[in-house]
Amino acid sequence: MVRRTKEDAQKTRSQILEAAEQAFHQRGMAHTTLAEIAAIAGVTRGAIYWHFSNKADLVQALLDTLHEPLDELAKASESEDEVDPLGCLRLLLIKLFEQLALDAKIRRINEILIHKCEFTDAMCDLRQQRQSAYLTCNGRIELSLRNAVHRGQLPANLHIPRAVISLHGYIDGIVAQWLLVPDSFALAEEAAALVDAALDMLRLSPALQR
């Protein structure tokens with residue numbers, strides 16, 4: 001009986017997340033209410049509050065589903081024991097672009113976050129969560145770059161803080177541009193070349209050297 005209850009709760013949670021994804025994608029975050037999400041999911045508002053504290057918590061749960069497939073690669077590039085941290089980082093970024101282009105769910109969630117998210121006063125919790133996630137991502141990139149420098153894969157005089165900002169901004173820019181105009185270029189086919197261009201920037205740009 002306990003096992004069935006846990007399974008039912010997980011099923012309800014998944015229904016709510018799917019309904020939220022659908023509603024946010026159609027209407028944007030600011031114009032979507034929890035009551036609307038509950039109606040689409042076929043549950044009560046109380047069921048939503050059982051699983052999520054507020055709308056920001058619900059959005060964060062959607063975003064968390066994007067990280068799982070790439071976590072192992074990220075951990076590898078951040079590990080001091082990894083002999084090819086830059087190679088791991090390269091593969092991670094290529095897969096990120098490919099998944100965005102080929103996986104409709106990943107594309108919708110990213111589109112919600114980047115183009116259909118309004119940081120209103122009611123969504124201040126989400127803004128704080130996104131700020132924290134941005135800083136965490138920068139920290140992970142920094143670890144990867146430091147390991148690549150240590151392994152001789154990047155210049156010893158690389159200005160790492162500036163390189164982190166440049167690489168993060170480059171990736172975010174590609175993602176936002178493609179989501180806005182998907183027909184402007186074939187992201188999956190161009191993924192490797194786009195990532196290699198970013199890594200060439202780290203290796204060769206005088207502006208990224210101390």
# chains A, B, ... in the order shown; residues from 1 in each chain; ligands from 1
$ closest_atom_pairs --of "segment 39-111 of chain A" --to "segment 191-208 of chain A" --cutoff "7 Å" --atoms "only C-alpha atoms" --output "JSON lines"
{"residue": "A:Arg90", "atom": "CA", "partner": "A:Val195", "partner_atom": "CA", "distance": 6.5}
{"residue": "A:Leu93", "atom": "CA", "partner": "A:Val195", "partner_atom": "CA", "distance": 6.5}
{"residue": "A:Ile94", "atom": "CA", "partner": "A:Ala191", "partner_atom": "CA", "distance": 5.3}
{"residue": "A:Phe97", "atom": "CA", "partner": "A:Ala191", "partner_atom": "CA", "distance": 5.8}
{"residue": "A:Glu98", "atom": "CA", "partner": "A:Ala191", "partner_atom": "CA", "distance": 6.5}
$ write_last_selection --atoms "N, CA, C and O atoms" --output "PDB file, in the first residue's frame"
ATOM      1  N   ARG A  90      33.965  19.726 -24.266  1.00  0.00           N
ATOM      2  CA  ARG A  90      33.551  19.814 -25.680  1.00  0.00           C
ATOM      3  C   ARG A  90      32.351  18.899 -25.941  1.00  0.00           C
ATOM      4  O   ARG A  90      31.354  19.321 -26.539  1.00  0.00           O
ATOM      5  N   LEU A  93      29.093  20.234 -24.348  1.00  0.00           N
ATOM      6  CA  LEU A  93      28.457  21.348 -25.045  1.00  0.00           C
ATOM      7  C   LEU A  93      27.842  20.908 -26.367  1.00  0.00           C
ATOM      8  O   LEU A  93      26.778  21.401 -26.758  1.00  0.00           O
ATOM      9  N   ILE A  94      28.499  19.987 -27.064  1.00  0.00           N
ATOM     10  CA  ILE A  94      27.922  19.466 -28.302  1.00  0.00           C
ATOM     11  C   ILE A  94      26.595  18.772 -28.006  1.00  0.00           C
ATOM     12  O   ILE A  94      25.594  18.982 -28.697  1.00  0.00           O
ATOM     13  N   PHE A  97      23.757  21.259 -27.325  1.00  0.00           N
ATOM     14  CA  PHE A  97      23.172  21.815 -28.546  1.00  0.00           C
ATOM     15  C   PHE A  97      22.323  20.776 -29.273  1.00  0.00           C
ATOM     16  O   PHE A  97      21.222  21.070 -29.750  1.00  0.00           O
ATOM     17  N   GLU A  98      22.844  19.557 -29.375  1.00  0.00           N
ATOM     18  CA  GLU A  98      22.119  18.513 -30.097  1.00  0.00           C
ATOM     19  C   GLU A  98      20.800  18.177 -29.418  1.00  0.00           C
ATOM     20  O   GLU A  98      19.773  18.022 -30.085  1.00  0.00           O
TER      21      GLU A  98
END
$ atom_distance --atom1 "atom CA of Ser53 of chain A" --atom2 "atom CA of Thr65 of chain A"
17.6 Å
$ residues_around --residues "Gln22 of chain A" --least-positions-apart "5" --cutoff "12 Å" --atoms "only C-alpha atoms" --output "PyMOL selection string"
chain A and resi 15-17+27-29+32+36-41+59+62+104-105+108-109+111-112
$ atom_distance --atom1 "atom CA of Thr12 of chain A" --atom2 "atom CA of Gly42 of chain A"
9.2 Å
$ atom_distance --atom1 "atom CA of Arg107 of chain A" --atom2 "atom CA of Leu91 of chain A"
19.0 Å
$ residues_around --residues "segment 132-149 of chain A" --least-positions-apart "5" --cutoff "12 Å" --atoms "only C-alpha atoms" --output "PyMOL selection string"
chain A and resi 60+63-64+67+71+73-90+92-93+125-127+154-169+171-172+199+202-203+209
$ residues_around --residues "Phe52 of chain A" --least-positions-apart "6" --cutoff "9 Å" --atoms "only C-alpha atoms" --output "mmCIF file with N, CA and C atoms, in the first residue's frame"
data_model
loop_
_atom_site.group_PDB
_atom_site.id
_atom_site.type_symbol
_atom_site.label_atom_id
_atom_site.label_comp_id
_atom_site.auth_asym_id
_atom_site.auth_seq_id
_atom_site.Cartn_x
_atom_site.Cartn_y
_atom_site.Cartn_z
ATOM 1 N N ARG A 13 2.802 14.101 -9.594
ATOM 2 C CA ARG A 13 3.847 15.105 -9.780
ATOM 3 C C ARG A 13 4.216 15.233 -11.252
ATOM 4 N N LEU A 58 7.781 25.246 -8.980
ATOM 5 C CA LEU A 58 7.324 24.404 -10.085
ATOM 6 C C LEU A 58 8.197 24.596 -11.323
ATOM 7 N N ALA A 61 11.548 22.934 -10.849
ATOM 8 C CA ALA A 61 11.458 21.483 -11.025
ATOM 9 C C ALA A 61 11.493 21.115 -12.511
#
$ closest_residue --among "A:Ala56, A:Ser14, A:His25, A:Ile114" --to "Val43 of chain A" --atoms "only C-alpha atoms"
A:Ser14
$ select_by_dssp --residues "chain A" --states "alpha helix (DSSP H)" --output "PyMOL selection string"
chain A and resi 2-27+34-41+45-51+55-64+71-78+85-102+104-115+124-150+160-180+187-204
$ closest_residue --among "A:Lys116, A:Ala9, A:Arg151, A:Pro182" --to "Ala23 of chain A" --atoms "only C-alpha atoms"
A:Lys116
$ decode --residues "segment 62-192 of chain A" --atoms "C-alpha atoms" --output "CSV table (one decimal), in the first residue's frame"
chain,number,residue,atom,x,y,z
A,62,LEU,CA,10.9,21.7,-14.8
A,63,LEU,CA,14.4,23.1,-15.2
A,64,ASP,CA,16.0,20.4,-13.1
A,65,THR,CA,14.8,17.8,-15.6
A,66,LEU,CA,17.2,19.3,-18.1
A,67,HIS,CA,20.4,18.7,-16.2
A,68,GLU,CA,20.2,15.0,-15.5
A,69,PRO,CA,21.5,13.5,-18.9
A,70,LEU,CA,24.6,15.7,-18.9
A,71,ASP,CA,25.6,15.6,-15.2
A,72,GLU,CA,28.1,12.8,-15.6
A,73,LEU,CA,30.0,14.6,-18.4
A,74,ALA,CA,30.0,17.8,-16.4
A,75,LYS,CA,31.4,16.0,-13.3
A,76,ALA,CA,34.1,14.4,-15.5
A,77,SER,CA,35.3,17.7,-16.8
A,78,GLU,CA,35.4,19.2,-13.3
A,79,SER,CA,37.4,16.3,-11.8
A,80,GLU,CA,41.1,16.8,-11.2
A,81,ASP,CA,41.6,13.1,-12.1
A,82,GLU,CA,40.1,13.5,-15.6
A,83,VAL,CA,42.9,13.3,-18.2
A,84,ASP,CA,40.9,15.1,-20.9
A,85,PRO,CA,38.8,17.8,-19.2
A,86,LEU,CA,38.6,19.9,-22.4
A,87,GLY,CA,37.4,16.9,-24.4
A,88,CYS,CA,34.7,16.2,-21.8
A,89,LEU,CA,33.6,19.9,-21.9
A,90,ARG,CA,33.6,19.8,-25.7
A,91,LEU,CA,31.4,16.7,-25.7
A,92,LEU,CA,29.1,18.2,-23.0
A,93,LEU,CA,28.5,21.3,-25.0
A,94,ILE,CA,27.9,19.5,-28.3
A,95,LYS,CA,25.3,17.2,-26.6
A,96,LEU,CA,23.7,20.3,-25.1
A,97,PHE,CA,23.2,21.8,-28.5
A,98,GLU,CA,22.1,18.5,-30.1
A,99,GLN,CA,19.6,17.8,-27.4
A,100,LEU,CA,18.1,21.3,-27.7
A,101,ALA,CA,17.7,20.8,-31.4
A,102,LEU,CA,16.4,17.2,-31.4
A,103,ASP,CA,14.4,16.8,-28.1
A,104,ALA,CA,11.1,18.7,-28.3
A,105,LYS,CA,10.7,18.7,-24.5
A,106,ILE,CA,14.1,20.2,-23.8
A,107,ARG,CA,13.4,22.8,-26.5
A,108,ARG,CA,10.1,23.8,-25.0
A,109,ILE,CA,11.4,24.2,-21.5
A,110,ASN,CA,14.3,26.3,-22.7
A,111,GLU,CA,12.0,28.4,-24.8
A,112,ILE,CA,9.8,28.9,-21.7
A,113,LEU,CA,12.8,30.0,-19.6
A,114,ILE,CA,14.4,32.3,-22.2
A,115,HIS,CA,11.5,33.8,-24.1
A,116,LYS,CA,8.4,33.3,-22.1
A,117,CYS,CA,9.6,34.1,-18.6
A,118,GLU,CA,8.8,37.4,-17.0
A,119,PHE,CA,10.6,38.2,-13.7
A,120,THR,CA,7.7,39.9,-12.1
A,121,ASP,CA,7.4,40.6,-8.3
A,122,ALA,CA,5.4,37.4,-8.0
A,123,MET,CA,8.3,35.5,-9.5
A,124,CYS,CA,11.1,37.0,-7.5
A,125,ASP,CA,11.9,33.6,-6.0
A,126,LEU,CA,12.5,32.3,-9.6
A,127,ARG,CA,14.8,35.2,-10.3
A,128,GLN,CA,16.8,34.4,-7.2
A,129,GLN,CA,17.0,30.8,-8.2
A,130,ARG,CA,18.1,31.7,-11.7
A,131,GLN,CA,20.8,34.0,-10.3
A,132,SER,CA,22.0,31.2,-8.1
A,133,ALA,CA,22.0,28.7,-11.0
A,134,TYR,CA,24.0,31.2,-13.1
A,135,LEU,CA,26.7,31.5,-10.5
A,136,THR,CA,26.8,27.7,-9.9
A,137,CYS,CA,27.2,27.2,-13.6
A,138,ASN,CA,30.0,29.7,-13.7
A,139,GLY,CA,31.7,27.8,-10.9
A,140,ARG,CA,31.5,24.5,-12.8
A,141,ILE,CA,32.9,26.1,-16.0
A,142,GLU,CA,35.7,27.6,-14.0
A,143,LEU,CA,36.6,24.1,-12.6
A,144,SER,CA,36.6,22.7,-16.0
A,145,LEU,CA,38.8,25.4,-17.4
A,146,ARG,CA,41.3,25.2,-14.6
A,147,ASN,CA,41.6,21.5,-15.1
A,148,ALA,CA,42.2,22.0,-18.8
A,149,VAL,CA,44.9,24.6,-18.0
A,150,HIS,CA,46.5,22.1,-15.6
A,151,ARG,CA,46.5,19.4,-18.3
A,152,GLY,CA,48.1,21.8,-20.8
A,153,GLN,CA,45.0,21.9,-23.0
A,154,LEU,CA,44.5,25.6,-22.6
A,155,PRO,CA,47.1,28.4,-22.2
A,156,ALA,CA,48.8,28.7,-18.8
A,157,ASN,CA,48.2,32.4,-18.9
A,158,LEU,CA,44.4,32.1,-19.6
A,159,HIS,CA,42.4,34.8,-17.8
A,160,ILE,CA,40.0,32.3,-16.3
A,161,PRO,CA,37.3,34.7,-14.9
A,162,ARG,CA,37.1,36.5,-18.3
A,163,ALA,CA,37.1,33.1,-20.1
A,164,VAL,CA,34.2,31.9,-17.9
A,165,ILE,CA,32.1,34.9,-18.7
A,166,SER,CA,32.9,34.7,-22.4
A,167,LEU,CA,32.2,31.0,-22.8
A,168,HIS,CA,29.0,31.2,-20.7
A,169,GLY,CA,27.8,34.2,-22.7
A,170,TYR,CA,28.6,32.5,-26.0
A,171,ILE,CA,26.6,29.4,-25.2
A,172,ASP,CA,23.6,31.3,-23.9
A,173,GLY,CA,23.7,33.5,-27.0
A,174,ILE,CA,23.6,30.6,-29.4
A,175,VAL,CA,20.8,28.9,-27.5
A,176,ALA,CA,18.7,32.1,-27.3
A,177,GLN,CA,19.3,33.0,-31.0
A,178,TRP,CA,18.4,29.5,-32.2
A,179,LEU,CA,15.2,29.3,-30.1
A,180,LEU,CA,14.1,32.7,-31.4
A,181,VAL,CA,14.7,31.8,-35.1
A,182,PRO,CA,15.1,28.0,-35.3
A,183,ASP,CA,15.2,28.1,-39.1
A,184,SER,CA,18.2,30.5,-39.2
A,185,PHE,CA,20.7,27.6,-38.9
A,186,ALA,CA,20.8,23.8,-38.3
A,187,LEU,CA,21.8,23.7,-34.7
A,188,ALA,CA,22.3,19.9,-34.5
A,189,GLU,CA,24.5,19.8,-37.6
A,190,GLU,CA,26.5,22.9,-36.6
A,191,ALA,CA,26.9,21.8,-33.0
A,192,ALA,CA,30.5,20.5,-33.2
